[in-house]
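Data file: my_file-v1.txt. Format and content: compact mmCIF, C-alpha atoms.
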# COMPACT_ATOMS: atom_id res chain seq x y z
CA MET B 217 -53.98 3.25 -60.29
CA GLU B 218 -53.90 5.60 -57.37
CA PHE B 219 -53.84 9.22 -56.36
CA ARG B 220 -53.42 11.18 -53.15
CA ALA B 221 -54.40 14.79 -52.47
CA GLU B 222 -54.53 17.12 -49.51
CA VAL B 223 -57.98 18.25 -48.42
CA ALA B 224 -58.11 21.84 -47.18
CA SER B 225 -60.57 22.49 -44.38
CA SER B 226 -61.59 25.66 -42.58
CA VAL B 227 -60.23 24.43 -39.24
CA GLY B 228 -57.00 23.09 -40.72
CA TRP B 229 -57.35 19.37 -40.11
CA PRO B 230 -54.46 17.40 -41.67
CA LEU B 231 -56.77 15.58 -44.06
CA PHE B 232 -55.95 13.67 -47.20
CA VAL B 233 -58.04 11.85 -49.73
CA ARG B 234 -56.70 8.75 -51.39
CA GLY B 235 -58.16 6.97 -54.40
CA SER B 236 -57.29 3.52 -55.68
CA TYR B 237 -58.64 1.51 -58.61
CA ASN B 238 -57.99 -2.09 -59.59
CA PRO B 239 -59.43 -2.49 -63.10
CA LEU B 240 -58.91 -6.26 -63.15
CA ILE B 241 -61.72 -6.91 -60.68
CA PRO B 242 -62.87 -4.05 -60.88
CA ALA B 243 -62.50 -2.70 -57.35
CA LEU B 244 -62.49 0.94 -56.36
CA SER B 245 -61.79 2.78 -53.10
CA TYR B 246 -61.82 6.39 -52.01
CA ALA B 247 -60.74 7.18 -48.46
CA LEU B 248 -60.43 10.23 -46.27
CA ILE B 249 -57.37 9.86 -44.04
CA LEU B 250 -56.71 12.04 -41.02
CA LYS B 251 -52.95 12.10 -40.63
CA THR B 252 -53.10 11.82 -36.87
CA ALA B 253 -55.72 9.05 -36.69
CA GLY B 254 -55.80 7.14 -39.97
CA ARG B 255 -58.72 6.31 -42.22
CA ILE B 256 -61.93 7.93 -41.01
CA TYR B 257 -64.25 7.65 -44.01
CA ALA B 258 -63.97 5.32 -46.98
CA LEU B 259 -66.01 4.02 -49.86
CA ASP B 260 -65.27 0.54 -51.23
CA LEU B 261 -66.74 -0.97 -54.35
CA GLY B 262 -66.02 -4.46 -55.62
CA LYS B 263 -65.47 -6.40 -52.42
CA ASP B 264 -67.73 -7.51 -49.63
CA HIS B 265 -67.51 -6.38 -46.02
CA HIS B 266 -68.20 -8.14 -42.73
CA ASN B 267 -69.32 -5.94 -39.84
CA PRO B 268 -68.42 -6.55 -36.18
CA GLN B 269 -72.11 -7.44 -35.65
CA CYS B 270 -71.46 -10.33 -38.10
CA ASP B 271 -73.65 -9.07 -40.94
CA TYR B 272 -72.30 -8.86 -44.48
CA VAL B 273 -72.85 -5.46 -46.07
CA GLY B 274 -72.18 -6.18 -49.73
CA GLU B 275 -69.81 -5.08 -52.47
CA LYS B 276 -70.80 -1.43 -52.20
CA HIS B 277 -70.09 -0.19 -48.71
CA LYS B 278 -68.83 2.80 -46.82
CA HIS B 279 -66.73 2.82 -43.67
CA ARG B 280 -67.39 5.61 -41.21
CA TRP B 281 -65.25 6.06 -38.08
CA THR B 282 -67.06 5.58 -34.76
CA GLU B 283 -65.76 5.49 -31.20
CA GLN B 284 -67.04 1.95 -30.74
CA PHE B 285 -65.81 0.21 -33.88
CA ARG B 286 -63.31 2.71 -35.31
CA ASP B 287 -63.39 2.12 -39.10
CA LYS B 288 -64.57 -1.50 -38.95
CA GLU B 289 -68.28 -0.83 -39.36
CA ALA B 290 -69.70 -0.20 -42.82
CA TYR B 291 -73.09 0.56 -44.33
CA VAL B 292 -74.60 0.67 -47.80
CA PRO B 293 -74.46 4.23 -49.19
CA GLU B 294 -77.67 4.50 -51.19
CA ASN B 295 -76.62 7.70 -52.93
CA ILE B 296 -73.61 6.04 -54.60
CA THR B 297 -75.16 4.67 -57.77
CA ALA B 298 -72.23 4.69 -60.21
CA ASP B 299 -70.47 1.44 -60.93
CA ALA B 300 -66.98 0.37 -59.78
CA ALA B 301 -65.91 0.44 -63.43
CA ASP B 302 -66.73 4.17 -63.52
CA PRO B 303 -64.16 5.76 -61.14
CA VAL B 304 -64.96 9.30 -62.30
CA GLY B 305 -68.70 8.94 -61.72
CA VAL B 306 -68.14 7.37 -58.31
CA TRP B 307 -65.66 10.13 -57.43
CA ARG B 308 -68.25 12.84 -58.13
CA GLN B 309 -70.81 11.07 -55.97
CA PHE B 310 -68.25 10.43 -53.22
CA CYS B 311 -67.29 14.13 -53.14
CA THR B 312 -70.94 15.16 -52.99
CA GLU B 313 -71.67 12.83 -50.10
CA ALA B 314 -68.48 13.72 -48.21
CA GLY B 315 -68.93 17.47 -48.76
CA ILE B 316 -65.66 17.77 -50.69
CA THR B 317 -65.24 20.37 -53.43
CA HIS B 318 -62.81 19.18 -56.09
CA LEU B 319 -61.34 22.09 -58.03
CA GLY B 320 -59.43 19.93 -60.52
CA THR B 321 -60.32 17.18 -62.95
CA LEU B 322 -60.19 13.45 -62.37
CA ARG B 323 -59.66 11.73 -65.71
CA PRO B 324 -60.79 8.17 -66.45
CA PRO B 325 -58.02 5.57 -66.05
CA PRO B 326 -56.45 4.16 -69.22
CA PRO B 327 -57.51 0.68 -70.33
CA VAL B 328 -55.49 -2.31 -69.14
CA GLN B 329 -53.10 -3.05 -71.99
CA GLN B 330 -51.31 -6.24 -71.08
CA GLU B 331 -51.63 -9.53 -69.28
CA LEU B 332 -50.45 -9.24 -65.70
CA PHE B 333 -49.24 -12.81 -65.33
CA MET V 6 -70.52 -34.19 -29.95
CA SER V 7 -67.93 -36.95 -30.24
CA ALA V 8 -64.50 -36.44 -31.79
CA PRO V 9 -65.20 -38.21 -35.10
CA SER V 10 -68.39 -36.23 -35.63
CA ILE V 11 -66.56 -32.94 -34.97
CA CYS V 12 -64.10 -33.84 -37.69
CA GLU V 13 -66.86 -34.92 -40.00
CA GLU V 14 -68.78 -31.70 -39.48
CA LEU V 15 -65.63 -29.67 -40.10
CA ARG V 16 -64.92 -31.67 -43.24
CA GLN V 17 -68.39 -31.00 -44.54
CA GLY V 18 -68.64 -27.38 -43.43
CA LEU V 19 -65.27 -25.84 -44.24
CA GLY V 20 -65.62 -26.17 -48.00
CA ALA V 21 -68.91 -24.29 -47.98
CA LEU V 22 -67.15 -21.26 -46.51
CA PHE V 23 -65.35 -20.73 -49.82
CA VAL V 24 -67.74 -19.49 -52.49
CA CYS V 25 -66.65 -19.66 -56.13
CA SER V 26 -68.16 -17.68 -58.98
CA GLU V 27 -67.31 -16.66 -62.54
CA HIS V 28 -65.75 -13.19 -62.57
CA GLY V 29 -64.77 -12.05 -66.06
CA GLN V 30 -61.67 -13.93 -67.14
CA TYR V 31 -61.19 -15.27 -63.60
CA GLN V 32 -62.90 -17.58 -61.16
CA ARG V 33 -63.39 -15.66 -57.94
CA ILE V 34 -63.03 -17.46 -54.61
CA ARG V 35 -64.76 -15.53 -51.84
CA THR V 36 -62.98 -16.71 -48.70
CA PRO V 37 -64.21 -16.56 -45.10
CA TYR V 38 -61.12 -14.56 -44.14
CA LEU V 39 -61.12 -10.82 -43.49
CA TYR V 40 -58.73 -7.89 -43.79
CA PRO V 41 -58.24 -6.06 -40.47
CA ASP V 42 -61.10 -3.63 -41.20
CA GLY V 43 -63.57 -6.44 -41.96
CA ASP V 44 -63.35 -6.38 -45.76
CA VAL V 45 -63.56 -9.86 -47.24
CA ILE V 46 -60.49 -11.44 -48.84
CA ASP V 47 -61.20 -12.58 -52.39
CA LEU V 48 -58.84 -14.69 -54.45
CA PHE V 49 -58.91 -15.19 -58.19
CA CYS V 50 -57.96 -18.19 -60.33
CA LYS V 51 -56.84 -18.29 -63.91
CA ALA V 52 -55.93 -21.37 -65.92
CA ASP V 53 -52.99 -21.41 -68.31
CA ASN V 54 -52.83 -24.82 -69.98
CA ASP V 55 -52.72 -27.26 -67.08
CA VAL V 56 -51.39 -24.78 -64.52
CA LEU V 57 -53.78 -22.77 -62.38
CA THR V 58 -52.64 -19.46 -60.92
CA ILE V 59 -54.21 -18.36 -57.63
CA THR V 60 -53.82 -14.67 -56.83
CA ASP V 61 -55.28 -11.77 -54.92
CA LEU V 62 -54.79 -9.55 -58.02
CA GLY V 63 -52.96 -7.04 -55.84
CA GLU V 64 -55.92 -6.36 -53.56
CA THR V 65 -53.98 -7.00 -50.35
CA THR V 66 -51.29 -4.41 -50.98
CA ARG V 67 -53.92 -2.07 -52.40
CA TRP V 68 -55.87 -2.46 -49.15
CA LEU V 69 -52.70 -1.78 -47.16
CA ARG V 70 -51.88 1.35 -49.13
CA MET V 71 -55.40 2.70 -48.63
CA GLN V 72 -54.81 2.80 -44.88
CA THR V 73 -51.87 5.17 -45.05
CA ILE V 74 -50.87 8.43 -46.66
CA SER V 75 -47.36 7.12 -47.33
CA PRO V 76 -46.85 7.10 -51.10
CA LYS V 77 -44.79 3.94 -51.16
CA ARG V 78 -44.04 0.81 -49.19
CA SER V 79 -41.18 1.19 -46.75
CA VAL V 80 -38.09 -1.01 -46.83
CA ARG V 81 -39.26 -2.66 -43.62
CA GLN V 82 -42.69 -3.43 -45.08
CA ARG V 83 -41.13 -4.90 -48.24
CA ALA V 84 -38.86 -7.09 -46.13
CA LEU V 85 -41.82 -8.32 -44.08
CA ILE V 86 -43.83 -9.09 -47.23
CA GLU V 87 -40.89 -11.10 -48.61
CA ASP V 88 -40.69 -12.98 -45.32
CA VAL V 89 -44.41 -13.80 -45.42
CA CYS V 90 -44.09 -15.01 -49.01
CA LEU V 91 -41.15 -17.23 -48.08
CA THR V 92 -43.09 -18.78 -45.21
CA HIS V 93 -46.14 -19.60 -47.30
CA GLY V 94 -44.47 -20.41 -50.62
CA VAL V 95 -46.11 -17.50 -52.38
CA GLU V 96 -44.67 -15.26 -55.08
CA PHE V 97 -44.88 -11.46 -54.85
CA TYR V 98 -45.11 -10.09 -58.38
CA LYS V 99 -46.28 -6.65 -59.53
CA GLY V 100 -47.85 -6.10 -56.13
CA MET V 101 -49.81 -9.37 -56.34
CA LEU V 102 -49.60 -12.46 -54.18
CA LEU V 103 -49.46 -15.47 -56.50
CA ALA V 104 -49.08 -19.23 -56.36
CA ARG V 105 -49.27 -21.87 -59.06
CA CYS V 106 -51.35 -24.99 -58.67
CA ARG V 107 -49.67 -27.63 -60.80
CA PRO V 108 -51.24 -30.88 -61.98
CA GLY V 109 -51.67 -33.29 -59.09
CA GLU V 110 -51.35 -30.58 -56.47
CA PRO V 111 -54.40 -30.07 -54.23
CA LEU V 112 -56.04 -26.74 -55.08
CA ALA V 113 -57.30 -26.30 -51.51
CA SER V 114 -53.79 -26.18 -50.05
CA VAL V 115 -52.62 -23.63 -52.62
CA VAL V 116 -55.65 -21.44 -51.94
CA LEU V 117 -54.98 -21.60 -48.21
CA ARG V 118 -51.32 -20.68 -48.75
CA VAL V 119 -52.27 -17.57 -50.72
CA VAL V 120 -55.03 -16.50 -48.36
CA GLN V 121 -52.75 -16.97 -45.36
CA ALA V 122 -50.16 -14.78 -47.06
CA ALA V 123 -52.86 -12.17 -47.74
CA LEU V 124 -53.87 -12.20 -44.09
CA ARG V 125 -50.32 -11.80 -42.88
CA VAL V 126 -49.45 -9.04 -45.34
CA SER V 127 -52.58 -7.09 -44.45
CA ASP V 128 -51.68 -7.52 -40.78
CA LEU V 129 -48.65 -5.32 -41.42
CA TRP V 130 -51.21 -2.60 -40.71
CA PHE V 131 -50.80 -3.44 -37.03
CA THR V 132 -47.10 -2.62 -37.25
CA PHE V 133 -47.74 0.96 -38.33
CA ARG V 134 -46.67 3.11 -35.44
CA THR V 135 -50.04 4.78 -34.92
CA ARG V 136 -51.82 1.67 -36.23
CA ALA V 137 -53.04 3.93 -38.96
CA VAL V 138 -50.27 5.84 -40.63
CA GLU V 139 -46.60 5.19 -40.84
CA SER V 140 -44.82 8.29 -39.61
CA VAL V 141 -42.22 10.14 -41.62
CA ALA V 142 -39.74 9.24 -38.87
CA ASP V 143 -40.36 5.56 -39.64
CA GLU V 144 -39.74 6.23 -43.33
CA VAL V 145 -36.52 8.09 -42.52
CA ALA V 146 -35.39 5.23 -40.27
CA ASP V 147 -36.01 2.76 -43.09
CA PHE V 148 -34.10 4.99 -45.51
CA LEU V 149 -31.09 5.35 -43.22
CA THR V 150 -31.07 1.59 -42.66
CA GLU V 151 -31.23 0.99 -46.39
CA ARG V 152 -28.24 3.33 -46.88
CA GLN V 153 -26.38 1.62 -44.03
CA LEU V 154 -26.00 4.80 -42.00
CA PRO V 155 -25.86 3.89 -38.29
CA PHE V 156 -28.19 5.89 -36.10
CA ASP V 157 -29.76 6.15 -32.68
CA ARG V 158 -33.40 7.16 -32.53
CA ASP V 159 -35.33 9.44 -30.16
CA GLU V 160 -32.22 10.40 -28.25
CA LYS V 161 -32.76 12.51 -25.15
CA LEU V 162 -30.23 15.31 -24.71
CA ALA V 163 -29.84 17.95 -22.02
CA GLY V 164 -29.89 21.55 -23.16
CA ARG V 165 -27.83 24.37 -21.65
CA SER V 166 -30.98 25.56 -19.90
CA GLY V 167 -31.33 22.21 -18.15
CA ARG V 168 -34.31 21.20 -20.23
CA ALA V 169 -34.32 17.73 -21.82
CA TRP V 170 -34.91 17.60 -25.57
CA THR V 171 -35.71 14.61 -27.78
CA VAL V 172 -33.94 14.53 -31.11
CA ASP V 173 -35.37 12.22 -33.79
CA PHE V 174 -32.05 10.82 -35.03
CA HIS V 175 -28.41 10.82 -34.03
CA VAL V 176 -26.72 9.66 -37.23
CA ARG V 177 -23.11 8.50 -37.13
CA PRO V 178 -21.48 8.05 -40.54
CA PRO V 179 -17.66 7.73 -40.67
CA SER V 180 -16.94 11.41 -41.31
CA ARG V 181 -19.13 13.43 -38.95
CA SER V 182 -22.13 12.81 -36.73
CA SER V 183 -25.40 14.69 -37.08
CA LEU V 184 -28.50 15.33 -35.04
CA VAL V 185 -31.64 15.32 -37.16
CA CYS V 186 -34.97 16.82 -36.21
CA ILE V 187 -37.95 16.06 -38.39
CA LEU V 188 -40.53 18.75 -38.95
CA SER V 189 -43.72 17.07 -40.05
CA THR V 190 -47.33 18.12 -39.87
CA GLY V 191 -50.34 18.12 -42.12
CA SER V 192 -51.53 21.46 -40.82
CA ARG V 193 -50.35 24.92 -41.82
CA TYR V 194 -51.57 26.14 -38.46
CA ALA V 195 -49.15 23.84 -36.62
CA ALA V 196 -46.20 24.38 -38.98
CA ARG V 197 -44.89 27.63 -37.45
CA ARG V 198 -45.20 26.28 -33.91
CA ILE V 199 -43.15 23.21 -34.85
CA ALA V 200 -40.47 25.34 -36.53
CA GLU V 201 -40.22 27.49 -33.42
CA HIS V 202 -39.93 24.41 -31.21
CA VAL V 203 -37.03 23.07 -33.29
CA LEU V 204 -35.39 26.51 -33.26
CA ALA V 205 -35.48 26.51 -29.46
CA LEU V 206 -34.12 22.96 -29.42
CA TRP V 207 -31.11 23.80 -31.64
CA TYR V 208 -30.42 26.95 -29.64
CA ASP V 209 -30.47 25.10 -26.32
CA LEU V 210 -28.28 22.28 -27.67
CA ASN V 211 -25.77 24.46 -29.49
CA HIS V 212 -22.95 23.48 -27.09
CA LEU V 213 -22.99 20.15 -28.95
CA ALA V 214 -22.12 21.90 -32.20
CA ALA V 215 -18.68 22.93 -30.91
CA GLY V 216 -15.37 21.14 -30.38
CA PRO V 217 -13.54 18.38 -32.26
CA GLU V 218 -16.60 16.11 -32.24
CA ALA V 219 -19.02 18.90 -33.14
CA LEU V 220 -22.38 17.59 -34.23
CA GLN V 221 -24.05 18.87 -37.35
CA PHE V 222 -27.66 19.99 -36.79
CA VAL V 223 -30.07 19.04 -39.57
CA SER V 224 -33.66 20.25 -39.78
CA LEU V 225 -35.46 17.80 -42.03
CA PHE V 226 -38.69 19.23 -43.41
CA ASP V 227 -41.39 16.80 -44.49
CA ASP V 228 -42.25 18.84 -47.56
CA THR V 229 -44.32 16.07 -49.15
CA MET V 230 -47.16 18.21 -47.80
CA ASP V 231 -47.37 21.83 -48.80
CA VAL V 232 -47.68 23.36 -45.36
CA TRP V 233 -44.34 25.16 -44.91
CA SER V 234 -43.76 28.85 -45.62
CA PRO V 235 -40.39 30.38 -46.63
CA GLU V 236 -40.23 31.96 -43.15
CA ASP V 237 -40.23 28.50 -41.55
CA PHE V 238 -37.11 27.55 -43.50
CA ARG V 239 -35.43 30.90 -42.81
CA LEU V 240 -36.13 30.54 -39.11
CA LEU V 241 -33.93 27.44 -38.93
CA GLU V 242 -31.28 28.00 -41.58
CA ASP V 243 -28.88 29.94 -39.32
CA LEU V 244 -28.72 27.29 -36.62
CA SER V 245 -29.02 24.15 -38.74
CA THR V 246 -28.66 22.68 -42.19
CA ILE V 247 -31.98 22.51 -43.99
CA ALA V 248 -32.95 19.25 -45.69
CA ARG V 249 -36.13 18.29 -47.50
CA TRP V 250 -37.66 14.81 -47.34
CA SER V 251 -38.75 15.19 -50.96
CA GLN V 252 -35.00 15.10 -51.80
CA PRO V 253 -33.68 12.12 -49.80
CA GLU V 254 -30.44 11.91 -51.80
CA THR V 255 -29.57 15.44 -50.73
CA LEU V 256 -30.15 14.40 -47.13
CA ILE V 257 -27.63 11.58 -47.57
CA GLU V 258 -25.11 14.02 -49.09
CA THR V 259 -25.61 16.35 -46.12
CA LEU V 260 -25.15 13.58 -43.60
CA THR V 261 -22.08 12.04 -45.22
CA ALA V 262 -20.29 15.30 -46.07
CA ALA V 263 -17.01 15.71 -44.19
Show the structure stored in the file as structure tokens.
Amino acid sequence: MEFRAEVASSVGWPLFVRGSYNPLIPALSYALILKTAGRIYALDLGKDHHNPQCDYVGEKHKHRWTEQFRDKEAYVPENITADAADPVGVWRQFCTEAGITHLGTLRPPPPVQQELF
Amino acid sequence: MSAPSICEELRQGLGALFVCSEHGQYQRIRTPYLYPDGDVIDLFCKADNDVLTITDLGETTRWLRMQTISPKRSVRQRALIEDVCLTHGVEFYKGMLLARCRPGEPLASVVLRVVQAALRVSDLWFTFRTRAVESVADEVADFLTERQLPFDRDEKLAGRSGRAWTVDFHVRPPSRSSLVCILSTGSRYAARRIAEHVLALWYDLNHLAAGPEALQFVSLFDDTMDVWSPEDFRLLEDLSTIARWSQPETLIETLTAA
């Protein structure tokens, strides 16, 4: 389950936010994508991350773009406390941390109804 | 370290790099392999009678999609994924990479086949033109290829003023050739400037729109982003045919019309 939305900013950056949820794991990602540069800020829940410094960050991590490592370095965002199985709760916390105001409503995903394979 | 002891140490150490754990209805295999951004590749196993299915549960293509604003996989990406699956004997089903481990078959080799496929599919990220987002021009190229419309890309043409202009596509279907300029931006601030640039381009190239082999000028707006105003369309409608990327079938009709 996925969505994509444009993010309006006062200086007019071509910014988009993309959300993606895999309920089978569960794994959840929200990412801010700058059209001209790619992913600049992203929250991942449900899979581990290995930093260029060779440390493992854990299954809750956030990528932030830096000159040195681009989007390869991640850290543990302490203010994200909702669980990967709660995409709406995580979305609210992600928006708060990223300074995004969401004027609409993100509804919970429907339950998985069938075997995938 | 002598050769036999190197092999022995590898034999003992490699297995420990794969960590298995119960994960709901699956067994999760945490592999030592990484997606291009450093995220760890996990695989999942599920038993059905005596056949074990090893899969990434769609995480690889989900990872790939999260790197781009393109709403769907391009034809080129799908072809590359199919090629990867063929190489590694892996099935691509509902966005998942899958392989069966049948009785008597070594599980380790099946796991390595699937994880290798996951690595290669995620490496398609490196083929994105900006290494981050696939451009609309790439999507249009894939679409024209899919529809078997021959084209030349990024053609440089001399304007009447003497200035050289780059046109995104020179499309040559049987009936009539067209020059296509793509107008794409994520910024409303840049939209008018781009429209004015394309207007100047069509004006300076308008000698190519005359004669028995007159070229049709097409201004293709990437309207998947709401940045264009009615004035931008009006600016170009006198000198070119307006097409919208949200309506690709209409673009084909425009290009193939006699």
Per-residue nearest contacts chain V to chain B, cut-off 10 Å, using all atoms listed in the file, as a Markdown table:
| residue | atom | partner | partner_atom | distance |
| --- | --- | --- | --- | --- |
| V:His28 | CA | B:Ile241 | CA | 7.7 |
| V:Gly29 | CA | B:Ile241 | CA | 8.0 |
| V:Gln30 | CA | B:Leu240 | CA | 9.1 |
| V:Tyr31 | CA | B:Ile241 | CA | 8.9 |
| V:Arg33 | CA | B:Ile241 | CA | 9.3 |
| V:Arg35 | CA | B:Asp264 | CA | 8.8 |
| V:Pro37 | CA | B:His266 | CA | 9.6 |
| V:Tyr38 | CA | B:His266 | CA | 9.7 |
| V:Leu39 | CA | B:His266 | CA | 7.6 |
| V:Tyr40 | CA | B:His265 | CA | 9.2 |
| V:Pro41 | CA | B:Lys288 | CA | 7.9 |
| V:Asp42 | CA | B:Lys288 | CA | 4.7 |
| V:Gly43 | CA | B:His266 | CA | 5.0 |
| V:Asp44 | CA | B:His265 | CA | 4.2 |
| V:Val45 | CA | B:Asp264 | CA | 5.4 |
| V:Ile46 | CA | B:Lys263 | CA | 7.9 |
| V:Asp47 | CA | B:Lys263 | CA | 7.5 |
| V:Phe49 | CA | B:Ile241 | CA | 9.1 |
| V:Lys51 | CA | B:Phe333 | CA | 9.5 |
| V:Asp53 | CA | B:Phe333 | CA | 9.8 |
| V:Thr58 | CA | B:Phe333 | CA | 8.7 |
| V:Thr60 | CA | B:Phe333 | CA | 9.8 |
| V:Asp61 | CA | B:Ile241 | CA | 9.9 |
| V:Leu62 | CA | B:Leu240 | CA | 7.4 |
| V:Gly63 | CA | B:Asn238 | CA | 8.0 |
| V:Glu64 | CA | B:Asn238 | CA | 7.7 |
| V:Arg67 | CA | B:Ser236 | CA | 7.3 |
| V:Trp68 | CA | B:Ser245 | CA | 8.8 |
| V:Arg70 | CA | B:Ser236 | CA | 8.8 |
| V:Met71 | CA | B:Arg234 | CA | 6.8 |
| V:Gln72 | CA | B:Arg255 | CA | 5.9 |
| V:Thr73 | CA | B:Gly254 | CA | 6.7 |
| V:Ile74 | CA | B:Ile249 | CA | 7.2 |
| V:Ser75 | CA | B:Arg220 | CA | 9.3 |
| V:Pro76 | CA | B:Arg220 | CA | 8.0 |
| V:Tyr98 | CA | B:Phe333 | CA | 8.5 |
| V:Lys99 | CA | B:Leu332 | CA | 7.9 |
| V:Met101 | CA | B:Leu332 | CA | 9.4 |
| V:Leu103 | CA | B:Phe333 | CA | 9.2 |
| V:Thr135 | CA | B:Ala253 | CA | 7.3 |
| V:Arg136 | CA | B:Gly254 | CA | 7.7 |
| V:Ala137 | CA | B:Gly254 | CA | 4.4 |
| V:Val138 | CA | B:Gly254 | CA | 5.7 |
| V:Glu139 | CA | B:Lys251 | CA | 9.4 |
| V:Ser140 | CA | B:Lys251 | CA | 9.0 |
| V:Thr190 | CA | B:Pro230 | CA | 7.4 |
| V:Gly191 | CA | B:Pro230 | CA | 4.2 |
| V:Ser192 | CA | B:Pro230 | CA | 5.1 |
| V:Arg193 | CA | B:Gly228 | CA | 7.0 |
| V:Tyr194 | CA | B:Gly228 | CA | 6.6 |
| V:Ala195 | CA | B:Gly228 | CA | 8.9 |
| V:Met230 | CA | B:Glu222 | CA | 7.6 |
| V:Asp231 | CA | B:Glu222 | CA | 8.6 |
| V:Val232 | CA | B:Pro230 | CA | 9.8 |
(request) Considering all atoms listed in the file, state which residue in the set V:Leu244, V:Arg81, V:Val223, V:Ser10 is at the smallest distance from Phe148 of chain V. (result) V:Arg81
(request) Using atom CA of Pro326 of chain B and atom CA of Asp299 of chain B as the two end points, give the distance in Å to one decimal. (result)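 Atom CA of Asp299 of chain B lies 16.5 Å from atom CA of Pro326 of chain B.
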(message) Considering only C-alpha atoms, can you say which of B:Gly320, B:Glu331, B:Ala298, B:Tyr257 comes closest to Lys276 of chain B?
(response) B:Ala298
(message) As an exercise, work out the distance from atom CA of Asp143 of chain V to atom CA of Ser79 of chain V in Å and give it to one decimal place.
(response) 8.4 Å
(message) Please compute the atom CA of Arg118 of chain V-atom CA of Leu48 of chain V distance, one decimal, in Å.
(response)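 These atoms are spaced 11.2 Å apart.
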(message) So that I can see what lies close to Pro235 of chain V, please list as a count of residues only the residues with an atom at most 12 Å from it, counting all atoms listed in the file and leaving out residues fewer than 3 positions away in the same chain.
(response) 13
(request) Go through V:Ala21, V:Val89, V:Val176, V:Ala219 one by one, measure the shortest atom-to-atom distance of each to Leu129 of chain V using all atoms listed in the file, and give the residue with the smallest value. (result) V:Val89
Using only the atoms of segment 234-253 of chain B listed in the file, plus 3 Å on each side, state the axis-aligned box centre and edge lengths in Å rounded to one decimal, as lines of an AutoDock Vina configuration file.
center_x = -57.9
center_y = 2.6
center_z = -49.9
size_x = 15.9
size_y = 25.0
size_z = 32.5
Please write C-alpha atoms of segment 176-215 of chain V, from the structure given just now, as a PDB file, in the first residue's frame.
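Ended up saving to out35.pdb:
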ATOM      1  CA  VAL V 176       9.490  10.678 -33.343  1.00  0.00           C
ATOM      2  CA  ARG V 177       9.102   9.084 -36.763  1.00  0.00           C
ATOM      3  CA  PRO V 178       5.937   7.020 -37.212  1.00  0.00           C
ATOM      4  CA  PRO V 179       4.922   6.053 -40.789  1.00  0.00           C
ATOM      5  CA  SER V 180       2.560   8.970 -41.378  1.00  0.00           C
ATOM      6  CA  ARG V 181       4.288  12.112 -40.107  1.00  0.00           C
ATOM      7  CA  SER V 182       7.279  12.958 -37.948  1.00  0.00           C
ATOM      8  CA  SER V 183       7.046  15.045 -34.796  1.00  0.00           C
ATOM      9  CA  LEU V 184       9.353  16.955 -32.520  1.00  0.00           C
ATOM     10  CA  VAL V 185       8.403  16.598 -28.875  1.00  0.00           C
ATOM     11  CA  CYS V 186       9.463  18.885 -26.062  1.00  0.00           C
ATOM     12  CA  ILE V 187       8.741  17.802 -22.525  1.00  0.00           C
ATOM     13  CA  LEU V 188       7.779  20.413 -19.982  1.00  0.00           C
ATOM     14  CA  SER V 189       8.451  18.986 -16.555  1.00  0.00           C
ATOM     15  CA  THR V 190       9.126  20.590 -13.227  1.00  0.00           C
ATOM     16  CA  GLY V 191       8.028  20.172  -9.654  1.00  0.00           C
ATOM     17  CA  SER V 192       7.996  23.893  -9.037  1.00  0.00           C
ATOM     18  CA  ARG V 193       5.292  26.391  -9.942  1.00  0.00           C
ATOM     19  CA  TYR V 194       7.964  29.070  -9.884  1.00  0.00           C
ATOM     20  CA  ALA V 195       9.890  27.357 -12.700  1.00  0.00           C
ATOM     21  CA  ALA V 196       6.833  26.395 -14.758  1.00  0.00           C
ATOM     22  CA  ARG V 197       6.350  29.716 -16.588  1.00  0.00           C
ATOM     23  CA  ARG V 198      10.063  30.003 -17.373  1.00  0.00           C
ATOM     24  CA  ILE V 199      10.046  26.523 -18.926  1.00  0.00           C
ATOM     25  CA  ALA V 200       6.942  27.307 -20.998  1.00  0.00           C
ATOM     26  CA  GLU V 201       8.588  30.469 -22.284  1.00  0.00           C
ATOM     27  CA  HIS V 202      11.753  28.556 -23.171  1.00  0.00           C
ATOM     28  CA  VAL V 203       9.770  26.030 -25.218  1.00  0.00           C
ATOM     29  CA  LEU V 204       7.846  28.856 -26.888  1.00  0.00           C
ATOM     30  CA  ALA V 205      11.122  30.426 -28.002  1.00  0.00           C
ATOM     31  CA  LEU V 206      12.348  27.028 -29.202  1.00  0.00           C
ATOM     32  CA  TRP V 207       9.258  26.380 -31.374  1.00  0.00           C
ATOM     33  CA  TYR V 208       9.392  29.913 -32.759  1.00  0.00           C
ATOM     34  CA  ASP V 209      13.060  29.614 -33.708  1.00  0.00           C
ATOM     35  CA  LEU V 210      12.542  26.174 -35.275  1.00  0.00           C
ATOM     36  CA  ASN V 211       9.352  26.972 -37.143  1.00  0.00           C
ATOM     37  CA  HIS V 212      11.062  26.611 -40.546  1.00  0.00           C
ATOM     38  CA  LEU V 213      10.945  22.862 -39.816  1.00  0.00           C
ATOM     39  CA  ALA V 214       7.159  22.970 -39.669  1.00  0.00           C
ATOM     40  CA  ALA V 215       6.876  23.852 -43.362  1.00  0.00           C
TER      41      ALA V 215
END
